[in-house]
file run13.cif (mmCIF, C-alpha atoms and all ligand atoms)
data_input
loop_
_atom_site.label_atom_id
_atom_site.label_comp_id
_atom_site.auth_asym_id
_atom_site.auth_seq_id
_atom_site.Cartn_x
_atom_site.Cartn_y
_atom_site.Cartn_z
CA MET A 131 17.85 15.83 -1.68
CA LYS A 132 16.08 12.55 -1.09
CA LYS A 133 12.41 11.71 -0.83
CA ASP A 134 10.87 9.20 1.58
CA ILE A 135 7.47 7.55 1.24
CA LEU A 136 6.40 6.90 4.81
CA THR A 137 2.75 7.77 4.31
CA ILE A 138 0.54 9.02 1.47
CA LYS A 139 1.00 12.47 3.01
CA ASP A 140 4.53 12.46 1.57
CA LEU A 141 3.10 12.70 -1.94
CA LYS A 142 1.50 15.64 -3.69
CA LYS A 143 -1.65 15.09 -5.72
CA GLU A 144 0.33 15.48 -8.96
CA GLU A 145 2.86 12.90 -7.83
CA ILE A 146 0.11 10.38 -7.07
CA GLU A 147 -1.40 11.02 -10.49
CA TRP A 148 2.01 10.58 -12.10
CA LEU A 149 2.51 7.25 -10.28
CA ILE A 150 -0.87 5.94 -11.44
CA LEU A 151 -0.23 6.84 -15.09
CA ARG A 152 3.38 5.71 -15.05
CA GLY A 153 2.41 2.38 -13.42
CA LEU A 154 -0.15 1.78 -16.16
CA GLU A 155 2.41 2.74 -18.81
CA LEU A 156 5.00 0.35 -17.38
CA LYS A 157 2.38 -2.41 -17.31
CA LYS A 158 1.66 -1.82 -21.00
CA MET A 159 5.37 -1.77 -21.77
CA GLY A 160 5.72 -5.26 -20.23
CA ARG A 161 9.18 -6.79 -20.26
CA ASP A 162 11.59 -4.57 -22.16
CA VAL A 163 15.13 -5.85 -21.84
CA ASN A 164 16.42 -2.56 -23.23
CA TYR A 165 14.91 -0.50 -20.42
CA ARG A 166 17.21 -1.06 -17.47
CA PRO A 167 17.53 2.27 -15.67
CA PHE A 168 18.44 0.71 -12.31
CA VAL A 169 21.70 -0.97 -13.38
CA GLY A 170 24.08 -0.43 -10.46
CA TYR A 171 21.31 0.37 -7.97
CA VAL A 172 20.52 -1.81 -4.96
CA LEU A 173 17.26 -1.79 -3.00
CA GLY A 174 17.40 -3.18 0.53
CA LEU A 175 14.32 -4.73 2.09
CA LEU A 176 14.32 -4.84 5.88
CA PHE A 177 11.31 -6.83 7.04
CA ASP A 178 10.01 -7.60 10.54
CA LYS A 179 6.71 -9.09 9.37
CA ALA A 180 5.72 -11.71 6.81
CA SER A 181 5.15 -10.72 3.18
CA THR A 182 4.49 -12.41 -0.14
CA ARG A 183 3.30 -9.69 -2.53
CA THR A 184 5.13 -6.61 -1.29
CA ARG A 185 8.48 -8.34 -1.00
CA VAL A 186 8.32 -10.19 -4.31
CA SER A 187 6.87 -7.28 -6.30
CA PHE A 188 9.54 -4.88 -5.02
CA GLU A 189 12.28 -7.40 -5.76
CA VAL A 190 10.97 -8.16 -9.26
CA ALA A 191 10.50 -4.43 -9.95
CA MET A 192 14.19 -3.84 -9.27
CA LEU A 193 15.37 -6.95 -11.11
CA ARG A 194 13.31 -6.28 -14.25
CA LEU A 195 14.63 -2.74 -14.49
CA GLY A 196 18.23 -3.84 -14.13
CA GLY A 197 18.81 -3.35 -10.40
CA ASP A 198 19.49 -5.70 -7.51
CA THR A 199 17.99 -6.29 -4.09
CA ILE A 200 19.09 -7.50 -0.69
CA PHE A 201 16.44 -8.94 1.62
CA MET A 202 17.05 -8.74 5.35
CA SER A 203 14.88 -10.24 8.02
CA SER A 204 15.33 -7.82 10.93
CA LYS A 205 15.86 -10.67 13.35
CA ASP A 206 19.00 -11.67 11.43
CA THR A 207 20.51 -8.20 11.64
CA GLN A 208 22.20 -6.50 14.59
CA LEU A 209 18.94 -4.63 15.23
CA SER A 210 17.88 -7.81 17.02
CA ARG A 211 20.86 -7.29 19.36
CA ASN A 212 19.95 -3.68 20.04
CA GLU A 213 22.08 -1.83 17.53
CA SER A 214 20.33 1.51 17.24
CA ILE A 215 18.06 2.46 14.36
CA GLU A 216 20.17 5.59 13.88
CA ASP A 217 23.41 3.65 13.38
CA THR A 218 21.71 1.01 11.24
CA ALA A 219 20.28 3.73 9.00
CA ARG A 220 23.66 5.42 8.62
CA VAL A 221 25.42 2.16 7.79
CA LEU A 222 22.80 0.88 5.32
CA SER A 223 22.95 4.25 3.54
CA ARG A 224 26.59 3.55 2.72
CA TYR A 225 25.71 0.34 0.85
CA LEU A 226 22.22 0.75 -0.54
CA ASP A 227 20.43 3.21 -2.83
CA CYS A 228 16.97 2.77 -1.34
CA LEU A 229 15.46 0.94 1.64
CA ALA A 230 11.96 -0.55 1.98
CA ILE A 231 10.92 -1.39 5.54
CA ARG A 232 8.06 -3.52 6.86
CA THR A 233 7.69 -3.31 10.59
CA TYR A 234 5.30 -2.69 13.48
CA SER A 235 5.81 0.87 14.61
CA GLN A 236 5.51 3.83 12.26
CA GLN A 237 8.13 5.52 14.46
CA VAL A 238 10.72 3.00 13.30
CA VAL A 239 10.33 3.94 9.62
CA GLU A 240 10.32 7.61 10.58
CA ALA A 241 13.55 7.27 12.57
CA MET A 242 15.16 5.22 9.83
CA ALA A 243 14.23 7.88 7.25
CA LYS A 244 15.56 10.65 9.49
CA TYR A 245 19.01 9.11 9.82
CA ALA A 246 19.31 7.49 6.38
CA ASP A 247 20.51 9.55 3.45
CA ILE A 248 18.79 7.24 0.96
CA PRO A 249 15.04 7.17 0.23
CA VAL A 250 13.08 5.08 2.73
CA ILE A 251 9.82 3.39 1.72
CA ASN A 252 7.17 2.22 4.17
CA ALA A 253 6.33 -1.31 3.03
CA LEU A 254 3.68 -1.58 5.81
CA THR A 255 3.51 -0.59 9.44
CA ASP A 256 0.73 -1.03 11.99
CA LYS A 257 -0.45 2.45 11.02
CA TYR A 258 -0.07 2.76 7.25
CA HIS A 259 0.39 0.79 4.03
CA PRO A 260 0.92 3.58 1.49
CA CYS A 261 2.33 1.46 -1.36
CA GLN A 262 -0.73 -0.79 -1.17
CA VAL A 263 -3.26 1.96 -1.76
CA LEU A 264 -1.15 3.47 -4.54
CA SER A 265 -1.33 0.22 -6.51
CA ASP A 266 -4.98 -0.13 -5.53
CA ILE A 267 -5.89 3.26 -6.93
CA MET A 268 -3.92 2.39 -10.07
CA THR A 269 -6.16 -0.70 -10.36
CA VAL A 270 -9.26 1.45 -9.91
CA LYS A 271 -8.08 3.73 -12.74
CA GLU A 272 -7.29 0.71 -14.91
CA LYS A 273 -10.68 -0.91 -14.38
CA LYS A 274 -12.93 2.16 -14.26
CA GLY A 275 -11.02 4.53 -16.51
CA ARG A 276 -11.20 7.26 -13.87
CA VAL A 277 -10.94 7.92 -10.16
CA GLU A 278 -12.78 11.24 -9.91
CA GLY A 279 -16.40 11.00 -8.80
CA LEU A 280 -16.29 7.29 -7.92
CA ARG A 281 -17.83 5.95 -4.76
CA ILE A 282 -15.39 3.69 -2.97
CA ALA A 283 -16.52 1.63 0.02
CA TRP A 284 -14.32 0.13 2.71
CA VAL A 285 -15.91 -2.68 4.73
CA GLY A 286 -14.14 -3.95 7.82
CA ASP A 287 -11.39 -2.92 10.17
CA GLY A 288 -10.14 0.68 10.38
CA ASN A 289 -6.59 -0.62 9.98
CA ASN A 290 -3.34 0.43 8.30
CA VAL A 291 -4.79 0.03 4.79
CA ALA A 292 -7.96 1.95 5.75
CA ASN A 293 -5.84 4.79 7.16
CA SER A 294 -3.94 5.00 3.89
CA TRP A 295 -7.21 5.02 1.90
CA ILE A 296 -8.33 7.97 4.02
CA ASN A 297 -5.11 9.81 3.28
CA LEU A 298 -5.57 9.09 -0.40
CA ALA A 299 -9.14 10.39 -0.34
CA LYS A 300 -7.86 13.62 1.21
CA LYS A 301 -5.79 14.14 -1.97
CA LEU A 302 -7.98 12.77 -4.78
CA ASP A 303 -11.57 13.51 -5.75
CA PHE A 304 -13.46 10.33 -4.92
CA GLU A 305 -16.00 9.55 -2.22
CA LEU A 306 -14.83 7.17 0.51
CA VAL A 307 -17.41 5.53 2.78
CA LEU A 308 -16.01 3.27 5.46
CA ALA A 309 -18.15 0.78 7.37
CA CYS A 310 -16.34 -0.16 10.56
CA PRO A 311 -17.74 -1.66 13.77
CA GLU A 312 -17.78 0.61 16.80
CA GLY A 313 -14.35 0.67 18.40
CA CYS A 314 -12.61 -0.16 15.10
CA ASP A 315 -12.63 3.26 13.46
CA PRO A 316 -9.45 4.30 11.65
CA GLU A 317 -7.04 6.55 13.57
CA GLU A 318 -6.65 8.84 10.59
CA LEU A 319 -10.10 10.44 10.82
CA LYS A 320 -8.82 13.77 12.14
CA ASP A 321 -9.34 16.66 9.71
CA VAL A 322 -11.13 14.56 7.13
CA THR A 323 -12.41 16.22 3.99
CA PRO A 324 -16.18 16.16 3.22
CA ASN A 325 -15.76 13.29 0.73
CA ILE A 326 -14.91 10.88 3.59
CA ARG A 327 -17.32 9.40 6.13
CA VAL A 328 -17.62 6.47 8.49
CA VAL A 329 -20.84 4.52 8.95
CA ARG A 330 -21.64 1.44 11.00
CA ASP A 331 -23.80 -0.39 8.48
CA PRO A 332 -21.91 -2.14 5.64
CA LYS A 333 -25.09 -2.02 3.52
CA GLU A 334 -25.07 1.76 3.71
CA ALA A 335 -21.42 1.90 2.70
CA VAL A 336 -21.75 -0.32 -0.35
CA LYS A 337 -25.01 1.14 -1.65
CA ASP A 338 -24.32 2.29 -5.24
CA ALA A 339 -20.60 1.79 -4.74
CA ASP A 340 -18.26 1.55 -7.74
CA VAL A 341 -15.60 -0.18 -5.66
CA ILE A 342 -15.82 -2.36 -2.55
CA ASN A 343 -12.64 -2.85 -0.58
CA THR A 344 -12.02 -5.14 2.33
CA ASP A 345 -9.13 -6.58 4.33
CA VAL A 346 -8.52 -9.11 7.10
CA TRP A 347 -10.22 -8.54 10.45
CA VAL A 348 -7.04 -9.38 12.34
CA SER A 349 -3.91 -7.68 11.04
CA MET A 350 -0.36 -8.85 11.61
CA GLY A 351 0.60 -8.19 15.20
CA GLN A 352 -2.99 -8.37 16.49
CA GLU A 353 -3.11 -12.15 16.84
CA GLU A 354 -3.89 -11.96 20.57
CA GLU A 355 -7.06 -9.99 19.86
CA ALA A 356 -8.23 -12.42 17.17
CA GLU A 357 -11.20 -13.97 18.95
CA LYS A 358 -12.48 -10.63 20.25
CA LYS A 359 -12.15 -8.96 16.86
CA LYS A 360 -13.82 -11.76 14.93
CA LYS A 361 -16.93 -11.33 17.12
CA LEU A 362 -16.99 -7.58 16.44
CA PHE A 363 -16.94 -8.15 12.69
CA TYR A 364 -19.98 -10.38 12.55
CA GLY A 365 -22.10 -8.84 9.75
CA TYR A 366 -19.14 -7.22 8.01
CA GLN A 367 -18.47 -10.05 5.56
CA VAL A 368 -18.25 -9.11 1.89
CA ASN A 369 -20.58 -11.75 0.46
CA ARG A 370 -22.88 -11.94 -2.56
CA ASN A 371 -25.82 -10.29 -0.75
CA LEU A 372 -23.69 -7.29 0.14
CA VAL A 373 -22.13 -7.01 -3.32
CA ASN A 374 -25.62 -7.07 -4.87
CA LEU A 375 -26.38 -3.73 -3.18
CA ALA A 376 -23.59 -1.97 -5.07
CA LYS A 377 -23.61 -0.94 -8.73
CA PRO A 378 -23.84 -3.96 -11.07
CA ASP A 379 -20.32 -3.27 -12.39
CA VAL A 380 -18.79 -2.81 -8.93
CA ILE A 381 -15.25 -4.08 -8.56
CA VAL A 382 -14.34 -5.95 -5.38
CA MET A 383 -10.84 -5.44 -4.03
CA HIS A 384 -8.79 -7.03 -1.25
CA CYS A 385 -5.12 -6.28 -0.69
CA LEU A 386 -4.60 -9.96 0.26
CA PRO A 387 -3.80 -12.24 1.97
CA ALA A 388 -7.50 -13.07 2.41
CA HIS A 389 -9.12 -15.18 5.06
CA ARG A 390 -11.69 -16.75 2.81
CA GLY A 391 -14.95 -17.40 4.62
CA GLU A 392 -14.28 -14.59 7.12
CA GLU A 393 -14.11 -11.08 5.61
CA ILE A 394 -14.83 -12.33 2.06
CA THR A 395 -16.60 -15.38 0.67
CA ASP A 396 -15.17 -17.67 -2.01
CA ASP A 397 -17.95 -16.87 -4.46
CA VAL A 398 -17.16 -13.12 -4.27
CA MET A 399 -13.40 -13.54 -4.32
CA ASP A 400 -13.57 -15.86 -7.33
CA GLY A 401 -16.61 -14.18 -8.88
CA PRO A 402 -17.04 -11.80 -11.81
CA ASN A 403 -16.70 -8.57 -9.80
CA SER A 404 -13.43 -9.52 -8.15
CA VAL A 405 -10.20 -7.89 -9.35
CA VAL A 406 -8.02 -9.12 -6.49
CA PHE A 407 -5.38 -10.87 -8.57
CA ASP A 408 -5.01 -8.00 -11.06
CA GLN A 409 -4.74 -5.80 -7.98
CA ALA A 410 -1.91 -7.98 -6.67
CA GLU A 411 -0.17 -7.91 -10.07
CA ASN A 412 -0.34 -4.13 -10.22
CA LYS A 413 1.86 -3.86 -7.13
CA LEU A 414 4.76 -4.77 -9.43
CA TYR A 415 4.18 -1.90 -11.87
CA LEU A 416 3.36 0.66 -9.23
CA HIS A 417 6.55 -0.27 -7.38
CA GLU A 418 8.52 0.13 -10.62
CA ALA A 419 7.05 3.62 -11.01
CA LEU A 420 7.69 4.46 -7.35
CA LEU A 421 11.32 3.38 -7.59
CA GLU A 422 11.70 5.47 -10.76
CA MET A 423 10.33 8.45 -8.87
CA LEU A 424 12.67 7.96 -5.93
CA LEU A 425 15.80 6.87 -7.74
CA LEU A 426 15.62 8.57 -11.11
CA LYS A 427 13.57 11.70 -11.18
CA ASN A 428 11.53 14.17 -9.25
CA GLU A 429 8.34 15.75 -10.45
CA ARG A 430 10.32 18.09 -12.70
CA GLY A 431 12.17 15.22 -14.29
CA PHE A 432 15.43 15.91 -12.46
CA LEU A 433 17.33 13.33 -10.50
CA TRP A 434 16.32 12.99 -6.86
CA LYS A 435 19.65 11.52 -6.14
CA GLN A 436 22.70 11.04 -8.31
CA LYS A 437 23.98 7.52 -8.64
CA ARG A 438 27.05 7.12 -6.47
N1 LIG B 501 -0.91 -6.88 0.24
C1 LIG B 501 0.28 -7.13 0.82
O1 LIG B 501 0.97 -6.24 1.33
O2 LIG B 501 0.64 -8.44 0.79
P1 LIG B 501 1.89 -9.09 1.51
O3 LIG B 501 1.63 -9.04 2.98
O4 LIG B 501 1.94 -10.50 0.97
O5 LIG B 501 3.11 -8.30 1.15
N1 LIG B 502 -4.01 -5.10 7.35
C1 LIG B 502 -3.19 -6.20 6.94
C2 LIG B 502 -2.61 -5.95 5.59
C3 LIG B 502 -1.73 -7.05 5.07
C4 LIG B 502 -1.15 -6.73 3.74
C5 LIG B 502 -2.09 -6.40 7.97
O1 LIG B 502 -1.50 -5.42 8.43
O2 LIG B 502 -1.82 -7.55 8.33
#

call {"tool": "encode", "arguments": {"input": "run13.cif", "output": "structure tokens", "more": "lines below"}}
Ligand code: CP
Ligand code: NVA
result
Amino acid sequence: MKKDILTIKDLKKEEIEWLILRGLELKKMGRDVNYRPFVGYVLGLLFDKASTRTRVSFEVAMLRLGGDTIFMSSKDTQLSRNESIEDTARVLSRYLDCLAIRTYSQQVVEAMAKYADIPVINALTDKYHPCQVLSDIMTVKEKKGRVEGLRIAWVGDGNNVANSWINLAKKLDFELVLACPEGCDPEELKDVTPNIRVVRDPKEAVKDADVINTDVWVSMGQEEEAEKKKKLFYGYQVNRNLVNLAKPDVIVMHCLPAHRGEEITDDVMDGPNSVVFDQAENKLYLHEALLEMLLLKNERGFLWKQKR
């Protein structure tokens, strides 16, 4: 039996908690040349969109733990000449042990997972970015010592990362307050739990917050809407005045890449409350933990999938 991570919904609360703790443990462990559980395993990365952090952290996670990776830009594969997702999934399953996909449509990762017999990881779609929020919540735990009872604010677009934060808040016990302009609410608001709410005023969202999160106003694939969206987000910048309304020890997070001077100012990004580069670093350790979960063991400690 294999496990796919296409959205946060694919993980139980206990599995998320395990990933957070295991990620922190692997970070503490640092480089250990004797721990190489992925020898003989190959992770494929099939990417349709640009990436710095997700690609490199997944590749380094595999390499450090003894495995290998193959990066494929979709446009260089036969997918660009209309080979079906179904056939591509079946073929890649014969070579690879795991496949991380970054693409536009969530349906593509779902179809790939359906026809692949190896674990498929969503490395970002227009709808979700599950791996991002897993490493983000690991960073929250690292910096605050806990997740339960914290007030986490999201300021900006109701995008793929915001949707994944909502799904995370449905599983864990923290308060999530999202400030999004009208017309930019996250899709994932259906059936939200009482710890999640959307407001229009960023000041309301960040009041007494322990964590402030933001992201670009124009996500990959939305370039044509850039001018329209930038106007909508006037007033949604995470700047010093906004940060001052939160708790004094608030941490400011951004999944990056940032558009400095738009959604976040230089003084905040480079200031004492910012944890953005630790946040980026933690993607490596969370991805190591995630790959352990998918390739080595399930929640009972048994193998998800035997090495071929
Ligand atoms: N945060 C994130 O996913 O960054 P990349 O787009 O560089 O992978
Ligand atoms: N919301 C952003 C996240 C980038 C990591 C995007 O989809 O472009």

call {"tool": "closest_residue", "arguments": {"input": "run13.cif", "among": "A:Leu264, A:Val270, A:Val380, A:Ile326", "to": "ligand LIG 501 (chain B)", "atoms": "all atoms listed in the file"}}
result
A:Leu264

call {"tool": "residues_near_ligand", "arguments": {"input": "run13.cif", "ligand": "ligand LIG 501 (chain B)", "cutoff": "6 Å", "atoms": "all atoms listed in the file", "output": "PyMOL selection string"}}
result
chain A and resi 181-185+385-387

call {"tool": "residues_near_ligand", "arguments": {"input": "run13.cif", "ligand": "ligand LIG 502 (chain B)", "cutoff": "10 Å", "atoms": "only C-alpha atoms and all ligand atoms", "output": "mmCIF file with C-alpha atoms, in the frame of the given file"}}
result
data_model
loop_
_atom_site.group_PDB
_atom_site.id
_atom_site.type_symbol
_atom_site.label_atom_id
_atom_site.label_comp_id
_atom_site.auth_asym_id
_atom_site.auth_seq_id
_atom_site.Cartn_x
_atom_site.Cartn_y
_atom_site.Cartn_z
ATOM 1 C CA LYS A 179 6.710 -9.090 9.370
ATOM 2 C CA ALA A 180 5.720 -11.710 6.810
ATOM 3 C CA SER A 181 5.150 -10.720 3.180
ATOM 4 C CA THR A 182 4.490 -12.410 -0.140
ATOM 5 C CA ARG A 183 3.300 -9.690 -2.530
ATOM 6 C CA THR A 184 5.130 -6.610 -1.290
ATOM 7 C CA ARG A 232 8.060 -3.520 6.860
ATOM 8 C CA THR A 233 7.690 -3.310 10.590
ATOM 9 C CA TYR A 234 5.300 -2.690 13.480
ATOM 10 C CA ALA A 253 6.330 -1.310 3.030
ATOM 11 C CA LEU A 254 3.680 -1.580 5.810
ATOM 12 C CA THR A 255 3.510 -0.590 9.440
ATOM 13 C CA ASP A 256 0.730 -1.030 11.990
ATOM 14 C CA LYS A 257 -0.450 2.450 11.020
ATOM 15 C CA TYR A 258 -0.070 2.760 7.250
ATOM 16 C CA HIS A 259 0.390 0.790 4.030
ATOM 17 C CA GLN A 262 -0.730 -0.790 -1.170
ATOM 18 C CA ASP A 287 -11.390 -2.920 10.170
ATOM 19 C CA GLY A 288 -10.140 0.680 10.380
ATOM 20 C CA ASN A 289 -6.590 -0.620 9.980
ATOM 21 C CA ASN A 290 -3.340 0.430 8.300
ATOM 22 C CA VAL A 291 -4.790 0.030 4.790
ATOM 23 C CA ALA A 292 -7.960 1.950 5.750
ATOM 24 C CA THR A 344 -12.020 -5.140 2.330
ATOM 25 C CA ASP A 345 -9.130 -6.580 4.330
ATOM 26 C CA VAL A 346 -8.520 -9.110 7.100
ATOM 27 C CA TRP A 347 -10.220 -8.540 10.450
ATOM 28 C CA VAL A 348 -7.040 -9.380 12.340
ATOM 29 C CA SER A 349 -3.910 -7.680 11.040
ATOM 30 C CA MET A 350 -0.360 -8.850 11.610
ATOM 31 C CA GLY A 351 0.600 -8.190 15.200
ATOM 32 C CA GLN A 352 -2.990 -8.370 16.490
ATOM 33 C CA GLU A 353 -3.110 -12.150 16.840
ATOM 34 C CA HIS A 384 -8.790 -7.030 -1.250
ATOM 35 C CA CYS A 385 -5.120 -6.280 -0.690
ATOM 36 C CA LEU A 386 -4.600 -9.960 0.260
ATOM 37 C CA PRO A 387 -3.800 -12.240 1.970
ATOM 38 C CA ALA A 388 -7.500 -13.070 2.410
#

call {"tool": "residues_around", "arguments": {"input": "run13.cif", "residues": "range 154-165 of chain A", "least_positions_apart": "2", "cutoff": "7 Å", "atoms": "all atoms listed in the file", "output": "list in words"}}
result
Ile150, Leu151, Arg152, Pro167, Leu195 and Tyr415 of chain A

call {"tool": "axis_aligned_box", "arguments": {"input": "run13.cif", "around": "range 369-388 of chain A", "padding_each_side": "5 Å", "output": "JSON"}}
result
{"center_x": -15.1, "center_y": -7.0, "center_z": -5.0, "size_x": 32.6, "size_y": 22.1, "size_z": 24.8}

call {"tool": "closest_residue", "arguments": {"input": "run13.cif", "among": "A:Asn325, A:Asn297, A:Thr199, A:Ser204", "to": "Glu278 in chain A", "atoms": "all atoms listed in the file"}}
result
A:Asn325

call {"tool": "residues_around", "arguments": {"input": "run13.cif", "residues": "Arg370 in chain A", "least_positions_apart": "6", "cutoff": "9 Å", "atoms": "all atoms listed in the file", "output": "ChimeraX atom specification"}}
result
/A:395,397-398

call {"tool": "closest_residue", "arguments": {"input": "run13.cif", "among": "A:Leu226, A:Leu319, A:Val373, A:Ile381", "to": "Lys274 in chain A", "atoms": "all atoms listed in the file"}}
result
A:Ile381

call {"tool": "atom_distance", "arguments": {"input": "run13.cif", "atom1": "CA of Leu421 in chain A", "atom2": "CA of Phe407 in chain A"}}
result
22.0 Å

call {"tool": "residues_around", "arguments": {"input": "run13.cif", "residues": "Asn369 in chain A", "least_positions_apart": "6", "cutoff": "12 Å", "atoms": "all atoms listed in the file", "output": "JSON, numbers by chain"}}
result
{"A": [285, 332, 333, 336, 342, 343, 344, 375, 376, 382, 390, 391, 392, 393, 394, 395, 396, 397, 398, 399, 400, 401, 403, 404]}

call {"tool": "write_last_selection", "arguments": {"input": "run13.cif", "atoms": "C-alpha atoms", "output": "mmCIF file, keeping the file's coordinate frame"}}
result
data_model
loop_
_atom_site.group_PDB
_atom_site.id
_atom_site.type_symbol
_atom_site.label_atom_id
_atom_site.label_comp_id
_atom_site.auth_asym_id
_atom_site.auth_seq_id
_atom_site.Cartn_x
_atom_site.Cartn_y
_atom_site.Cartn_z
ATOM 1 C CA VAL A 285 -15.910 -2.680 4.730
ATOM 2 C CA PRO A 332 -21.910 -2.140 5.640
ATOM 3 C CA LYS A 333 -25.090 -2.020 3.520
ATOM 4 C CA VAL A 336 -21.750 -0.320 -0.350
ATOM 5 C CA ILE A 342 -15.820 -2.360 -2.550
ATOM 6 C CA ASN A 343 -12.640 -2.850 -0.580
ATOM 7 C CA THR A 344 -12.020 -5.140 2.330
ATOM 8 C CA LEU A 375 -26.380 -3.730 -3.180
ATOM 9 C CA ALA A 376 -23.590 -1.970 -5.070
ATOM 10 C CA VAL A 382 -14.340 -5.950 -5.380
ATOM 11 C CA ARG A 390 -11.690 -16.750 2.810
ATOM 12 C CA GLY A 391 -14.950 -17.400 4.620
ATOM 13 C CA GLU A 392 -14.280 -14.590 7.120
ATOM 14 C CA GLU A 393 -14.110 -11.080 5.610
ATOM 15 C CA ILE A 394 -14.830 -12.330 2.060
ATOM 16 C CA THR A 395 -16.600 -15.380 0.670
ATOM 17 C CA ASP A 396 -15.170 -17.670 -2.010
ATOM 18 C CA ASP A 397 -17.950 -16.870 -4.460
ATOM 19 C CA VAL A 398 -17.160 -13.120 -4.270
ATOM 20 C CA MET A 399 -13.400 -13.540 -4.320
ATOM 21 C CA ASP A 400 -13.570 -15.860 -7.330
ATOM 22 C CA GLY A 401 -16.610 -14.180 -8.880
ATOM 23 C CA ASN A 403 -16.700 -8.570 -9.800
ATOM 24 C CA SER A 404 -13.430 -9.520 -8.150
#

call {"tool": "atom_distance", "arguments": {"input": "run13.cif", "atom1": "CA of Val221 in chain A", "atom2": "CA of Arg194 in chain A"}}
result
26.5 Å

call {"tool": "residues_around", "arguments": {"input": "run13.cif", "residues": "Asp217 in chain A", "least_positions_apart": "5", "cutoff": "12 Å", "atoms": "only C-alpha atoms", "output": "number ranges by chain"}}
result
A: 208-209, 212, 222-224, 241-247

call {"tool": "closest_residue", "arguments": {"input": "run13.cif", "among": "A:Tyr171, A:Phe188, A:Trp295, A:Trp284", "to": "Glu418 in chain A", "atoms": "all atoms listed in the file"}}
result
A:Phe188

call {"tool": "closest_residue", "arguments": {"input": "run13.cif", "among": "A:Ala356, A:Leu362, A:Ile251, A:Leu175", "to": "Ile200 in chain A", "atoms": "only C-alpha atoms"}}
result
A:Leu175

call {"tool": "closest_residue", "arguments": {"input": "run13.cif", "among": "A:Lys132, A:Arg211, A:Lys360, A:Lys271", "to": "Leu426 in chain A", "atoms": "all atoms listed in the file"}}
result
A:Lys132

call {"tool": "residues_around", "arguments": {"input": "run13.cif", "residues": "Val277 in chain A", "least_positions_apart": "2", "cutoff": "12 Å", "atoms": "only C-alpha atoms", "output": "list in words"}}
result
Ile146, Glu147, Ile150, Leu151, Asp266, Ile267, Met268, Thr269, Val270, Lys271, Glu272, Lys273, Lys274, Gly275, Gly279, Leu280, Arg281, Ile282, Leu298, Ala299, Lys301, Leu302, Asp303, Phe304, Glu305, Leu306, Asp340 and Val341 of chain A

call {"tool": "atom_distance", "arguments": {"input": "run13.cif", "atom1": "CA of Met192 in chain A", "atom2": "CA of Val250 in chain A"}}
result
15.0 Å

call {"tool": "decode", "arguments": {"input": "run13.cif", "residues": "range 347-362 of chain A", "atoms": "C-alpha atoms", "output": "PDB file, in the first residue's frame"}}
result
ATOM      1  CA  TRP A 347      -0.052  38.887  -4.101  1.00  0.00           C
ATOM      2  CA  VAL A 348       0.365  37.344  -7.539  1.00  0.00           C
ATOM      3  CA  SER A 349       1.046  33.621  -7.549  1.00  0.00           C
ATOM      4  CA  MET A 350       2.665  31.675 -10.363  1.00  0.00           C
ATOM      5  CA  GLY A 351       0.224  31.376 -13.227  1.00  0.00           C
ATOM      6  CA  GLN A 352      -1.654  34.581 -12.323  1.00  0.00           C
ATOM      7  CA  GLU A 353       0.706  36.960 -14.107  1.00  0.00           C
ATOM      8  CA  GLU A 354      -2.064  38.327 -16.342  1.00  0.00           C
ATOM      9  CA  GLU A 355      -4.025  39.481 -13.300  1.00  0.00           C
ATOM     10  CA  ALA A 356      -1.002  41.178 -11.721  1.00  0.00           C
ATOM     11  CA  GLU A 357      -2.044  44.812 -12.083  1.00  0.00           C
ATOM     12  CA  LYS A 358      -5.615  44.155 -10.947  1.00  0.00           C
ATOM     13  CA  LYS A 359      -4.499  42.131  -7.940  1.00  0.00           C
ATOM     14  CA  LYS A 360      -1.866  44.613  -6.805  1.00  0.00           C
ATOM     15  CA  LYS A 361      -4.585  47.299  -6.563  1.00  0.00           C
ATOM     16  CA  LEU A 362      -6.780  45.003  -4.459  1.00  0.00           C
TER      17      LEU A 362
END
